[in-house]
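Have a look at the structure below, then the notes.
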Amino acid sequence: MFRILAADIGGTNSRMGFFELEPGMDEPRLLNIVRLSTAEAPSFAGLLERLFSEQRHFAPADCDLAVFAVPGPVQGQLCRPPNIKWTIDLNEITGLGFKRGALLNDFAAQAFACRSSAMNEAQVLQSGHSDHHVYAGAMAVIGAGTGLGHCALVAAGAEGFLAVPSEAGHAAFPFVGEEEYAYAEYVRSASRLDYCHGDAIVTGSGLARLHAFLTGESLAPAEVAARLPHSPRTVEWFARFYGRAARNYALALLATGGVYISGGVAAKNPVLVEHPAFLAEFRRSPSHASLLAGLPVLLNKNQDSGVHGAALFGAQRLRRQG
């Protein structure tokens, strides 16, 4: 039996999952999830020290692999998250008693979560033509939050699955028609951008920016979210933009394995992807409308999915290494 610590480290809070993996299991069994404040921890090692300041299901020395999903680019043993005051350095965990560790980007963990039980309660936005639990093709994960995250998951034969990270949120965002062109110029001018990218449009800050353009109300993203039931144009425009971003990523990958909508914006405000404008725009294509209409599209509402994805990644690595 293997023991896995799977952590999803966020800029504000971190989720730490304790898992066991027995022979024959498809995925590790969750024992418990502990939630800690990232912001209050003095360092990466300090965060782990707080975790084990109380008795847990197993100690660091009994852990076969510690996997950390991190909100930033992974460079070998290091990650310097832009929204955390300290560096995540895997070399620090040996001093706490861990045998082995691994880092992966937080959206790569979301991609692995697509193959886990964390998706059992995912909301089906479009059923598509196949059973969404049995995929042969690439899976696309896209999620609006602080930024617009992207990641693909592809089958790698006997090796299991491979997560393919992307920075597509920084690619130029396409606009259509005079109204949208006017909005693009508004965003570009207000944000002092050379060009509008997904991170400026399909994110929490993008929602606030869009609402200000359409209504003249300058509000924080949470305030805009509270007013969405009374802001039909904001909902319709944002749903259209989100559908367009999802469509473009699905086409870029040929995501016959399905498209997963992740991230806090839609999880907390599902109306933004339930609105008819989302799927109408997702399916809009002069050449591949039928293909797009046949792709499964699901909304991930599980806020612990990153922990499950990190655990599944860890299980794959342990099986490979033996």
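In the structure tokens, the first chain shown is A, the next is B, and so on; residue numbers restart at 1 for each chain, and ligands run from 1 in the order shown.
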Near-Thr203 of chain A list (10 Å; only C-alpha atoms; drop same-chain fewer than 2 positions) as number ranges by chain = A: 143-149, 169, 198-201, 205-209, 221, 238, 242, 263-266
For the residues in the current selection, export C-alpha atoms as a PDB file, in the first residue's frame.
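The file below, result19.pdb, is the result:
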ATOM      1  CA  GLY A 143     -11.153  27.818 -16.282  1.00  0.00           C
ATOM      2  CA  ALA A 144     -11.786  31.460 -15.507  1.00  0.00           C
ATOM      3  CA  GLY A 145     -10.589  32.678 -12.140  1.00  0.00           C
ATOM      4  CA  THR A 146      -7.921  35.260 -11.416  1.00  0.00           C
ATOM      5  CA  GLY A 147      -6.563  34.272 -14.840  1.00  0.00           C
ATOM      6  CA  LEU A 148      -7.873  32.127 -17.695  1.00  0.00           C
ATOM      7  CA  GLY A 149      -6.231  28.733 -17.211  1.00  0.00           C
ATOM      8  CA  GLY A 169      -4.934  32.782 -21.620  1.00  0.00           C
ATOM      9  CA  GLY A 198      -8.087  36.039 -22.435  1.00  0.00           C
ATOM     10  CA  ASP A 199      -6.813  36.985 -18.987  1.00  0.00           C
ATOM     11  CA  ALA A 200      -8.294  40.467 -19.479  1.00  0.00           C
ATOM     12  CA  ILE A 201     -11.665  39.228 -20.787  1.00  0.00           C
ATOM     13  CA  SER A 205     -11.601  41.098 -13.280  1.00  0.00           C
ATOM     14  CA  GLY A 206     -12.855  40.746 -16.863  1.00  0.00           C
ATOM     15  CA  LEU A 207     -16.401  40.308 -15.553  1.00  0.00           C
ATOM     16  CA  ALA A 208     -16.101  43.547 -13.577  1.00  0.00           C
ATOM     17  CA  ARG A 209     -14.596  45.339 -16.578  1.00  0.00           C
ATOM     18  CA  PRO A 221     -15.991  41.265  -9.203  1.00  0.00           C
ATOM     19  CA  PHE A 238     -19.712  37.100 -20.637  1.00  0.00           C
ATOM     20  CA  TYR A 242     -16.562  32.207 -22.300  1.00  0.00           C
ATOM     21  CA  GLY A 263     -12.259  27.760 -12.111  1.00  0.00           C
ATOM     22  CA  GLY A 264     -14.116  29.786  -9.508  1.00  0.00           C
ATOM     23  CA  VAL A 265     -15.956  32.190 -11.819  1.00  0.00           C
ATOM     24  CA  ALA A 266     -18.298  29.568 -13.291  1.00  0.00           C
TER      25      ALA A 266
END
Would you give me, as a ChimeraX atom specification, the residues in segment 103-232 of chain A that DSSP reads as helix (DSSP H, G or I)?
-> /A:106-113,117-119,157-159,168-170,177-191,198-201,204-215,221-230,232
Nearest residue to Trp86 of chain A from the set A:Gln126, A:Ser43, A:Ser53, A:Asn120 (distances using only C-alpha atoms) = A:Ser43
Using the chain letters and numbers from this document, which residues of segment 11-183 of chain A does DSSP assign to strand (DSSP E), as a PyMOL selection string?
-> chain A and resi 13-21+29-37+65-70+74-75+78-79+88-89+101-105+123-126+139-144+148-155+161-166
Polymer residues at most 6 Å from segment 299-308 of chain A, only C-alpha atoms, same-chain spacing of 6 or more positions, as an MDAnalysis selection string = chainID A and resid 6:8 109:110 113 118 122:123 260:262 267
Selection to disk with N, CA and C atoms, as a JSON list (two decimals), in the first residue's frame:
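Wrote it out as result.json, contents follow:
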[["chain", "number", "residue", "atom", "x", "y", "z"],
["A", 6, "ALA", "N", -1.48, 14.81, -1.09],
["A", 6, "ALA", "CA", -1.76, 15.58, -2.30],
["A", 6, "ALA", "C", -2.27, 16.95, -1.88],
["A", 7, "ALA", "N", -1.52, 17.98, -2.28],
["A", 7, "ALA", "CA", -1.85, 19.34, -1.85],
["A", 7, "ALA", "C", -2.17, 20.22, -3.04],
["A", 8, "ASP", "N", -3.18, 21.05, -2.88],
["A", 8, "ASP", "CA", -3.52, 22.08, -3.86],
["A", 8, "ASP", "C", -3.28, 23.42, -3.17],
["A", 109, "ALA", "N", -3.12, 19.68, -12.38],
["A", 109, "ALA", "CA", -3.88, 18.89, -11.40],
["A", 109, "ALA", "C", -5.36, 18.88, -11.76],
["A", 110, "GLN", "N", -5.89, 20.01, -12.23],
["A", 110, "GLN", "CA", -7.29, 20.05, -12.66],
["A", 110, "GLN", "C", -7.51, 19.11, -13.84],
["A", 113, "ALA", "N", -7.70, 15.65, -12.62],
["A", 113, "ALA", "CA", -8.97, 15.47, -11.90],
["A", 113, "ALA", "C", -10.09, 15.03, -12.82],
["A", 118, "ALA", "N", -13.70, 12.95, -8.57],
["A", 118, "ALA", "CA", -14.09, 14.34, -8.29],
["A", 118, "ALA", "C", -15.07, 14.85, -9.34],
["A", 122, "ALA", "N", -20.05, 16.44, -11.67],
["A", 122, "ALA", "CA", -19.92, 17.53, -12.64],
["A", 122, "ALA", "C", -21.24, 17.74, -13.36],
["A", 123, "GLN", "N", -21.56, 19.00, -13.63],
["A", 123, "GLN", "CA", -22.81, 19.34, -14.31],
["A", 123, "GLN", "C", -22.61, 19.24, -15.81],
["A", 260, "TYR", "N", -13.91, 20.47, -20.17],
["A", 260, "TYR", "CA", -14.28, 20.72, -18.79],
["A", 260, "TYR", "C", -14.12, 22.21, -18.47],
["A", 261, "ILE", "N", -15.16, 22.80, -17.91],
["A", 261, "ILE", "CA", -15.11, 24.18, -17.46],
["A", 261, "ILE", "C", -14.78, 24.16, -15.97],
["A", 262, "SER", "N", -13.66, 24.75, -15.61],
["A", 262, "SER", "CA", -13.21, 24.76, -14.23],
["A", 262, "SER", "C", -13.08, 26.20, -13.77],
["A", 267, "ALA", "N", -17.91, 28.17, -11.32],
["A", 267, "ALA", "CA", -18.36, 27.33, -10.20],
["A", 267, "ALA", "C", -19.25, 28.12, -9.24]]
Thr94 of chain A: which residues within 12 Å, counting only C-alpha atoms, same-chain residues fewer than 2 positions away excluded, as a list in words?
-> Ala45, Leu48, Pro60, Ala61, Cys63, Leu65, Ala66, Asp89, Leu90, Asn91, Glu92, Leu96, Gly97, Phe98, Lys99, Arg100 and Gly101 of chain A
Same residues, N, CA and C atoms, output as an mmCIF file, in the first residue's frame:
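Everything below was put into again-v9.cif:
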data_model
loop_
_atom_site.group_PDB
_atom_site.id
_atom_site.type_symbol
_atom_site.label_atom_id
_atom_site.label_comp_id
_atom_site.auth_asym_id
_atom_site.auth_seq_id
_atom_site.Cartn_x
_atom_site.Cartn_y
_atom_site.Cartn_z
ATOM 1 N N ALA A 45 7.862 25.473 4.032
ATOM 2 C CA ALA A 45 8.109 24.527 5.127
ATOM 3 C C ALA A 45 7.209 24.837 6.315
ATOM 4 N N LEU A 48 3.767 23.313 5.892
ATOM 5 C CA LEU A 48 3.753 21.874 6.183
ATOM 6 C C LEU A 48 3.920 21.602 7.677
ATOM 7 N N PRO A 60 4.958 12.432 7.889
ATOM 8 C CA PRO A 60 5.786 12.620 6.687
ATOM 9 C C PRO A 60 6.673 11.422 6.367
ATOM 10 N N ALA A 61 7.271 10.801 7.370
ATOM 11 C CA ALA A 61 8.169 9.674 7.137
ATOM 12 C C ALA A 61 7.450 8.455 6.583
ATOM 13 N N CYS A 63 4.943 8.723 4.410
ATOM 14 C CA CYS A 63 4.354 9.140 3.140
ATOM 15 C C CYS A 63 5.271 8.689 1.997
ATOM 16 N N LEU A 65 4.832 9.493 -1.267
ATOM 17 C CA LEU A 65 5.007 10.588 -2.225
ATOM 18 C C LEU A 65 4.146 11.768 -1.806
ATOM 19 N N ALA A 66 4.757 12.950 -1.788
ATOM 20 C CA ALA A 66 4.024 14.190 -1.530
ATOM 21 C C ALA A 66 3.946 14.964 -2.837
ATOM 22 N N ASP A 89 9.942 25.249 -2.691
ATOM 23 C CA ASP A 89 11.177 24.528 -3.014
ATOM 24 C C ASP A 89 11.065 23.110 -2.460
ATOM 25 N N LEU A 90 11.050 22.127 -3.358
ATOM 26 C CA LEU A 90 10.899 20.736 -2.926
ATOM 27 C C LEU A 90 12.027 20.266 -2.025
ATOM 28 N N ASN A 91 13.169 20.915 -2.131
ATOM 29 C CA ASN A 91 14.299 20.505 -1.293
ATOM 30 C C ASN A 91 13.992 20.678 0.195
ATOM 31 N N GLU A 92 13.013 21.526 0.519
ATOM 32 C CA GLU A 92 12.690 21.783 1.922
ATOM 33 C C GLU A 92 11.966 20.617 2.584
ATOM 34 N N LEU A 96 11.701 17.746 6.666
ATOM 35 C CA LEU A 96 10.500 17.463 7.453
ATOM 36 C C LEU A 96 10.210 15.968 7.532
ATOM 37 N N GLY A 97 11.011 15.181 6.818
ATOM 38 C CA GLY A 97 10.846 13.733 6.908
ATOM 39 C C GLY A 97 10.251 13.067 5.677
ATOM 40 N N PHE A 98 9.899 13.821 4.648
ATOM 41 C CA PHE A 98 9.330 13.212 3.438
ATOM 42 C C PHE A 98 10.419 12.517 2.625
ATOM 43 N N LYS A 99 10.043 11.405 2.001
ATOM 44 C CA LYS A 99 10.987 10.644 1.183
ATOM 45 C C LYS A 99 11.080 11.203 -0.228
ATOM 46 N N ARG A 100 9.919 11.436 -0.850
ATOM 47 C CA ARG A 100 9.888 11.894 -2.237
ATOM 48 C C ARG A 100 8.793 12.945 -2.410
ATOM 49 N N GLY A 101 9.037 13.848 -3.348
ATOM 50 C CA GLY A 101 8.036 14.867 -3.627
ATOM 51 C C GLY A 101 7.966 15.170 -5.109
#
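Residues lying within 8 Å of Ala315 of chain A, counting only C-alpha atoms and ignoring same-chain neighbours fewer than 2 positions away, are A:Ile4, A:Leu21, A:Glu27, A:Pro28, A:Ala311, A:Leu312, A:Phe313, A:Arg317, A:Leu318, A:Arg319.
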Only C-alpha atoms, please: the residues just picked out, written as a PDB file, in the first residue's frame.
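Generated file (result_39.pdb):
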ATOM      1  CA  ILE A   4       0.122   9.990  -0.778  1.00  0.00           C
ATOM      2  CA  LEU A  21      -3.441   3.533  -2.763  1.00  0.00           C
ATOM      3  CA  GLU A  27      -7.433   5.879  -7.983  1.00  0.00           C
ATOM      4  CA  PRO A  28      -6.274   6.602  -4.435  1.00  0.00           C
ATOM      5  CA  ALA A 311      -3.379  12.411  -5.946  1.00  0.00           C
ATOM      6  CA  LEU A 312      -4.114  10.700  -9.259  1.00  0.00           C
ATOM      7  CA  PHE A 313      -0.914  12.149 -10.711  1.00  0.00           C
ATOM      8  CA  ARG A 317       4.049   8.163 -10.729  1.00  0.00           C
ATOM      9  CA  LEU A 318       4.214   5.596  -7.919  1.00  0.00           C
ATOM     10  CA  ARG A 319       2.974   2.823 -10.185  1.00  0.00           C
TER      11      ARG A 319
END
A straight line from atom CA of Ser14 of chain A to atom CA of Ile33 of chain A spans 10.0 Å
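Here atom CA of Asp106 of chain A is placed at a distance of 20.7 Å from atom CA of Glu159 of chain A.
Taking atom CA of Glu178 of chain A and atom CA of Glu223 of chain A as the two end points, the separation is 28.0 Å.
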